[in-house]
>>> print(open('work-v1.tsv').read())   # TSV, C-alpha atoms
chain	number	residue	atom	x	y	z
C	1	MET	CA	224.37	232.01	140.42
C	2	SER	CA	222.59	229.06	138.81
C	3	SER	CA	221.79	225.96	140.83
C	4	ALA	CA	224.22	224.03	138.60
C	5	LYS	CA	227.03	225.77	140.42
C	6	THR	CA	226.05	224.19	143.74
C	7	LEU	CA	227.51	221.00	142.30
C	8	ASN	CA	230.99	219.97	143.32
C	9	VAL	CA	233.53	219.38	140.55
C	10	VAL	CA	236.32	216.92	141.32
C	11	LEU	CA	239.35	216.86	139.00
C	12	VAL	CA	241.37	213.64	138.67
C	13	HIS	CA	244.74	213.55	136.90
C	14	GLY	CA	246.28	210.72	134.91
C	15	GLY	CA	249.63	208.96	134.69
C	16	PHE	CA	253.06	210.61	134.48
C	17	VAL	CA	251.73	213.94	135.82
C	18	ASP	CA	250.39	215.32	139.08
C	19	ALA	CA	247.35	217.38	140.02
C	20	SER	CA	249.02	220.74	139.30
C	21	GLY	CA	248.20	220.38	135.60
C	22	TRP	CA	244.58	221.19	136.47
C	23	GLU	CA	245.47	224.68	137.76
C	24	SER	CA	244.03	226.65	134.84
C	25	VAL	CA	240.85	224.57	134.65
C	26	TYR	CA	240.47	224.92	138.42
C	27	GLY	CA	240.88	228.69	138.20
C	28	ILE	CA	238.26	229.13	135.49
C	29	LEU	CA	235.74	226.94	137.31
C	30	LYS	CA	236.29	228.79	140.57
C	31	LYS	CA	235.89	232.15	138.83
C	32	ASP	CA	232.64	230.90	137.34
C	33	GLY	CA	231.34	230.03	140.80
C	34	TYR	CA	231.84	226.28	141.00
C	35	ARG	CA	233.06	224.39	144.05
C	36	VAL	CA	236.19	222.56	142.90
C	37	SER	CA	238.37	219.86	144.47
C	38	VAL	CA	241.51	218.34	142.99
C	39	VAL	CA	242.64	214.77	143.70
C	40	GLN	CA	246.35	214.09	144.09
C	41	ASN	CA	246.61	210.45	143.00
C	42	PRO	CA	249.59	208.42	144.21
C	43	THR	CA	249.33	206.60	140.82
C	44	SER	CA	250.67	203.51	142.55
C	45	SER	CA	247.66	201.28	141.90
C	46	LEU	CA	244.13	201.69	140.63
C	47	ALA	CA	242.75	200.68	144.03
C	48	GLU	CA	244.79	203.34	145.85
C	49	ASP	CA	243.88	206.03	143.32
C	50	VAL	CA	240.19	205.17	143.60
C	51	ALA	CA	240.54	205.33	147.38
C	52	ALA	CA	242.17	208.77	147.13
C	53	THR	CA	239.28	209.99	144.99
C	54	ARG	CA	236.69	208.55	147.35
C	55	ARG	CA	238.34	210.33	150.30
C	56	VAL	CA	237.86	213.63	148.48
C	57	LEU	CA	234.24	212.74	147.70
C	58	ALA	CA	233.58	211.79	151.32
C	59	ALA	CA	234.61	215.26	152.48
C	60	LEU	CA	232.20	217.04	150.14
C	61	ASP	CA	228.81	218.45	150.96
C	62	GLY	CA	226.45	217.51	148.17
C	63	PRO	CA	226.65	215.87	144.73
C	64	ALA	CA	229.70	215.90	142.48
C	65	ILE	CA	230.80	215.61	138.88
C	66	LEU	CA	233.99	213.61	138.46
C	67	VAL	CA	236.41	214.73	135.74
C	68	GLY	CA	239.23	212.43	134.63
C	69	HIS	CA	242.11	212.96	132.22
C	70	SER	CA	243.88	210.01	130.57
C	71	TYR	CA	244.35	207.22	133.17
C	72	GLY	CA	242.20	209.38	135.44
C	73	GLY	CA	239.32	208.17	133.29
C	74	ALA	CA	239.83	204.67	134.63
C	75	VAL	CA	239.87	206.08	138.16
C	76	ILE	CA	236.57	207.93	137.73
C	77	THR	CA	235.02	204.92	135.99
C	78	GLU	CA	235.48	202.96	139.21
C	79	ALA	CA	235.19	205.76	141.80
C	80	GLY	CA	232.13	207.11	140.01
C	81	ASN	CA	230.02	204.40	141.59
C	82	ASP	CA	230.09	206.50	144.76
C	83	PRO	CA	226.53	207.71	145.48
C	84	LYS	CA	227.63	211.36	145.54
C	85	VAL	CA	228.70	211.20	141.89
C	86	VAL	CA	226.02	212.39	139.46
C	87	GLY	CA	228.05	212.71	136.26
C	88	LEU	CA	231.36	211.81	134.62
C	89	VAL	CA	233.52	213.90	132.31
C	90	TYR	CA	236.30	212.22	130.34
C	91	VAL	CA	239.08	214.40	128.89
C	92	ALA	CA	241.16	212.45	126.34
C	93	ALA	CA	240.69	209.62	128.79
C	94	PHE	CA	240.32	205.88	129.14
C	95	ALA	CA	236.77	204.70	129.78
C	96	PRO	CA	237.19	200.97	130.49
C	97	ASP	CA	234.37	198.45	130.65
C	98	LYS	CA	233.97	195.80	133.33
C	99	GLY	CA	237.11	193.68	133.66
C	100	GLU	CA	239.15	195.98	131.42
C	101	SER	CA	242.26	197.90	132.44
C	102	VAL	CA	244.36	200.55	130.77
C	103	ALA	CA	246.84	197.78	129.96
C	104	SER	CA	244.21	195.70	128.18
C	105	LEU	CA	242.94	198.72	126.24
C	106	ILE	CA	246.39	199.60	124.87
C	107	LYS	CA	247.56	196.01	124.34
C	108	ASP	CA	246.90	195.82	120.59
C	109	PRO	CA	247.23	199.27	118.98
C	110	PRO	CA	245.90	199.57	115.42
C	111	PRO	CA	248.44	199.64	112.59
C	112	GLY	CA	250.00	203.06	112.19
C	113	ALA	CA	248.88	204.33	115.60
C	114	PRO	CA	251.53	206.30	117.51
C	115	VAL	CA	253.21	204.34	120.27
C	116	PRO	CA	253.72	206.27	123.52
C	117	PRO	CA	257.42	206.42	124.50
C	118	ILE	CA	257.00	204.48	127.74
C	119	LEU	CA	260.30	203.27	129.14
C	120	PRO	CA	260.74	199.77	130.60
C	121	PRO	CA	259.44	199.54	134.18
C	122	GLN	CA	261.82	200.29	137.02
C	123	GLN	CA	260.89	198.80	140.41
C	124	GLY	CA	257.26	198.57	139.34
C	125	TYR	CA	256.93	202.09	137.95
C	126	LEU	CA	256.84	203.63	134.48
C	127	LEU	CA	258.10	206.90	133.01
C	128	LEU	CA	258.00	208.47	129.56
C	129	ASP	CA	261.19	209.15	127.61
C	130	LYS	CA	261.92	212.78	128.53
C	131	ALA	CA	263.27	213.56	125.06
C	132	ARG	CA	259.97	212.51	123.48
C	133	PHE	CA	257.59	213.67	126.21
C	134	ALA	CA	256.64	216.96	124.57
C	135	SER	CA	255.93	215.56	121.12
C	136	SER	CA	253.90	212.64	122.47
C	137	PHE	CA	252.12	214.12	125.48
C	138	ALA	CA	252.17	217.91	125.23
C	139	ALA	CA	252.81	219.02	121.65
C	140	ASP	CA	250.67	222.17	121.96
C	141	VAL	CA	251.90	223.19	125.42
C	142	ASP	CA	254.43	226.02	125.81
C	143	ALA	CA	257.87	224.48	125.21
C	144	ASP	CA	259.30	225.50	128.58
C	145	LYS	CA	256.26	224.17	130.42
C	146	ALA	CA	256.32	220.91	128.47
C	147	ALA	CA	260.00	220.50	129.33
C	148	PHE	CA	259.20	221.00	133.01
C	149	MET	CA	256.38	218.45	132.79
C	150	ALA	CA	258.86	215.97	131.31
C	151	ALA	CA	261.42	216.64	134.03
C	152	SER	CA	258.90	216.45	136.88
C	153	GLN	CA	257.07	213.28	135.85
C	154	LEU	CA	255.25	211.33	138.52
C	155	PRO	CA	256.16	207.64	138.13
C	156	TRP	CA	253.11	205.61	137.09
C	157	GLY	CA	252.70	202.28	138.86
C	158	VAL	CA	252.35	199.14	136.78
C	159	ASP	CA	249.61	198.11	139.23
C	160	ALA	CA	247.69	201.23	138.20
C	161	LEU	CA	248.07	200.32	134.54
C	162	THR	CA	246.86	196.76	135.07
C	163	GLY	CA	244.09	197.37	137.62
C	164	PRO	CA	240.75	196.09	136.27
C	165	ILE	CA	237.41	197.85	136.55
C	166	SER	CA	234.87	196.02	138.72
C	167	GLU	CA	231.80	197.95	137.57
C	168	PRO	CA	231.92	200.94	135.18
C	169	ALA	CA	230.00	203.91	136.54
C	170	TRP	CA	229.22	205.12	133.02
C	171	LYS	CA	226.70	202.29	132.66
C	172	ARG	CA	224.46	203.94	135.26
C	173	LYS	CA	225.43	207.61	135.21
C	174	PRO	CA	225.52	210.25	132.46
C	175	SER	CA	228.87	211.00	130.87
C	176	TRP	CA	230.54	213.57	128.63
C	177	TYR	CA	233.73	213.09	126.61
C	178	LEU	CA	236.25	215.46	125.04
C	179	VAL	CA	238.18	213.88	122.15
C	180	ALA	CA	241.60	215.45	121.54
C	181	THR	CA	242.03	215.03	117.80
C	182	GLU	CA	245.83	215.42	117.78
C	183	ASP	CA	246.45	213.05	120.69
C	184	LYS	CA	249.62	210.91	120.34
C	185	MET	CA	249.07	208.97	123.58
C	186	ILE	CA	245.51	207.67	123.18
C	187	PRO	CA	244.55	207.48	119.49
C	188	PRO	CA	241.51	209.66	118.71
C	189	ALA	CA	239.85	206.64	117.11
C	190	ALA	CA	240.11	204.79	120.43
C	191	GLN	CA	238.69	207.81	122.24
C	192	ARG	CA	235.71	207.87	119.88
C	193	LEU	CA	235.15	204.13	120.36
C	194	MET	CA	235.21	204.35	124.16
C	195	SER	CA	233.00	207.44	124.28
C	196	LYS	CA	230.43	205.86	121.97
C	197	ARG	CA	230.40	202.66	124.01
C	198	ALA	CA	229.80	204.70	127.16
C	199	GLY	CA	226.94	206.59	125.54
C	200	ALA	CA	228.71	209.86	126.30
C	201	THR	CA	227.90	213.30	124.97
C	202	VAL	CA	230.96	213.99	122.81
C	203	VAL	CA	232.80	217.10	121.71
C	204	GLU	CA	236.01	217.17	119.68
C	205	HIS	CA	238.82	219.72	119.81
C	206	SER	CA	242.13	219.93	117.99
C	207	GLY	CA	244.72	219.43	120.70
C	208	SER	CA	247.35	217.19	122.22
C	209	HIS	CA	246.94	214.67	125.02
C	210	ALA	CA	247.61	217.55	127.44
C	211	ILE	CA	244.64	219.52	126.14
C	212	TYR	CA	243.54	220.18	129.72
C	213	VAL	CA	246.77	222.21	130.09
C	214	SER	CA	246.91	223.81	126.64
C	215	GLN	CA	243.19	224.55	126.21
C	216	PRO	CA	241.61	224.87	129.66
C	217	GLN	CA	238.73	226.94	128.28
C	218	ALA	CA	237.59	224.09	126.02
C	219	VAL	CA	237.82	221.59	128.86
C	220	THR	CA	236.03	223.88	131.28
C	221	ALA	CA	233.24	224.51	128.76
C	222	LEU	CA	232.49	220.78	128.62
C	223	ILE	CA	232.56	220.45	132.42
C	224	GLU	CA	230.12	223.34	132.75
C	225	ARG	CA	227.95	221.82	130.03
C	226	ALA	CA	227.89	218.59	132.04
C	227	ALA	CA	226.90	220.51	135.17
C	228	GLU	CA	224.02	222.15	133.32
C	229	GLY	CA	222.97	218.77	131.94
C	230	VAL	CA	222.92	217.23	135.41
C	231	ARG	CA	220.91	220.17	136.74
C	232	ALA	CA	218.38	219.93	133.89
C	233	ALA	CA	217.89	216.21	134.48
C	234	ALA	CA	217.40	216.60	138.24
>>> encode(input="work-v1.tsv", output="structure tokens")
Amino acid sequence: MSSAKTLNVVLVHGGFVDASGWESVYGILKKDGYRVSVVQNPTSSLAEDVAATRRVLAALDGPAILVGHSYGGAVITEAGNDPKVVGLVYVAAFAPDKGESVASLIKDPPPGAPVPPILPPQQGYLLLDKARFASSFAADVDADKAAFMAASQLPWGVDALTGPISEPAWKRKPSWYLVATEDKMIPPAAQRLMSKRAGATVVEHSGSHAIYVSQPQAVTALIERAAEGVRAAA
């Protein structure tokens, strides 16, 4: 077993879904010998989700790579300032700069960009239109599984959407980014812009926003590449 596998890998989910979407990625990483933890975000506010991630980090023995999907990218951008974090992996994710939030990043979509089917907030929480969930979020996921994901959505707090970043960890720590080229939630052009700004090592794969569900091998390959990169730099 290489020393890279002594690293902890911490998986952080995004909005509208829970941590179970990481199951296949988790399984591959475990089979390959990595120590893996999965954060179950309340997705009620950015501060609470960062706190949930930091609780997982606090329980770990040794350094960790944080992996964030979608809104989970904002969470790892803030939580990644924890001294145990040695690398960041963004999977079709937001990578905000200081003072930015997910809300500010999606405020002015470019002409022609797909608009996620987010319903009006109810008691401070957001959901996606179930009828359009699959086509927008999980177009390359098995139809039955995508339907279940739509039916079992985790409400996403408006306070999570609007929470600003105090200091982006990617300014001080190495990062990697997977661009999902068929994403209908975060435009690929926006993903490329954020990854370039962060100075990330970038790979691109044809896949939907739920590429971590539909193509766990591609996502795992980037995480393991990041682990090797961290080991080589140590």
>>> residues_around(input="work-v1.tsv", residues="Glu23 in chain C", least_positions_apart="2", cutoff="12 Å", atoms="all atoms listed in the file", output="mmCIF file with C-alpha atoms, in the coordinates of the input")
data_model
loop_
_atom_site.group_PDB
_atom_site.id
_atom_site.type_symbol
_atom_site.label_atom_id
_atom_site.label_comp_id
_atom_site.auth_asym_id
_atom_site.auth_seq_id
_atom_site.Cartn_x
_atom_site.Cartn_y
_atom_site.Cartn_z
ATOM 1 C CA LEU C 11 239.350 216.860 139.000
ATOM 2 C CA VAL C 12 241.370 213.640 138.670
ATOM 3 C CA HIS C 13 244.740 213.550 136.900
ATOM 4 C CA ASP C 18 250.390 215.320 139.080
ATOM 5 C CA ALA C 19 247.350 217.380 140.020
ATOM 6 C CA SER C 20 249.020 220.740 139.300
ATOM 7 C CA GLY C 21 248.200 220.380 135.600
ATOM 8 C CA VAL C 25 240.850 224.570 134.650
ATOM 9 C CA TYR C 26 240.470 224.920 138.420
ATOM 10 C CA GLY C 27 240.880 228.690 138.200
ATOM 11 C CA ILE C 28 238.260 229.130 135.490
ATOM 12 C CA LEU C 29 235.740 226.940 137.310
ATOM 13 C CA LYS C 30 236.290 228.790 140.570
ATOM 14 C CA VAL C 36 236.190 222.560 142.900
ATOM 15 C CA SER C 37 238.370 219.860 144.470
ATOM 16 C CA VAL C 38 241.510 218.340 142.990
ATOM 17 C CA VAL C 39 242.640 214.770 143.700
ATOM 18 C CA TYR C 212 243.540 220.180 129.720
ATOM 19 C CA VAL C 213 246.770 222.210 130.090
ATOM 20 C CA SER C 214 246.910 223.810 126.640
ATOM 21 C CA GLN C 215 243.190 224.550 126.210
ATOM 22 C CA PRO C 216 241.610 224.870 129.660
ATOM 23 C CA GLN C 217 238.730 226.940 128.280
ATOM 24 C CA THR C 220 236.030 223.880 131.280
#
>>> atom_distance(input="work-v1.tsv", atom1="CA of Lys84 in chain C", atom2="CA of Gly62 in chain C")
6.8 Å
>>> residues_near_point(input="work-v1.tsv", point="(231.6, 213.9, 142.2)", cutoff="10 Å", atoms="all atoms listed in the file", output="ChimeraX atom specification")
/C:7-11,36-37,53-54,56-58,60,62-67,76,79-88
>>> residues_near_point(input="work-v1.tsv", point="(252.8, 206.3, 118.7)", cutoff="7 Å", atoms="all atoms listed in the file", output="list in words")
Ala113, Pro114, Val115, Pro116, Lys184 and Met185 of chain C
>>> closest_residue(input="work-v1.tsv", among="C:Ala51, C:Val179, C:Ala134, C:Ala190", to="Leu222 in chain C", atoms="all atoms listed in the file")
C:Val179
>>> closest_residue(input="work-v1.tsv", among="C:Ser195, C:Ala210, C:Pro121, C:Gly163", to="Lys145 in chain C", atoms="only C-alpha atoms")
C:Ala210
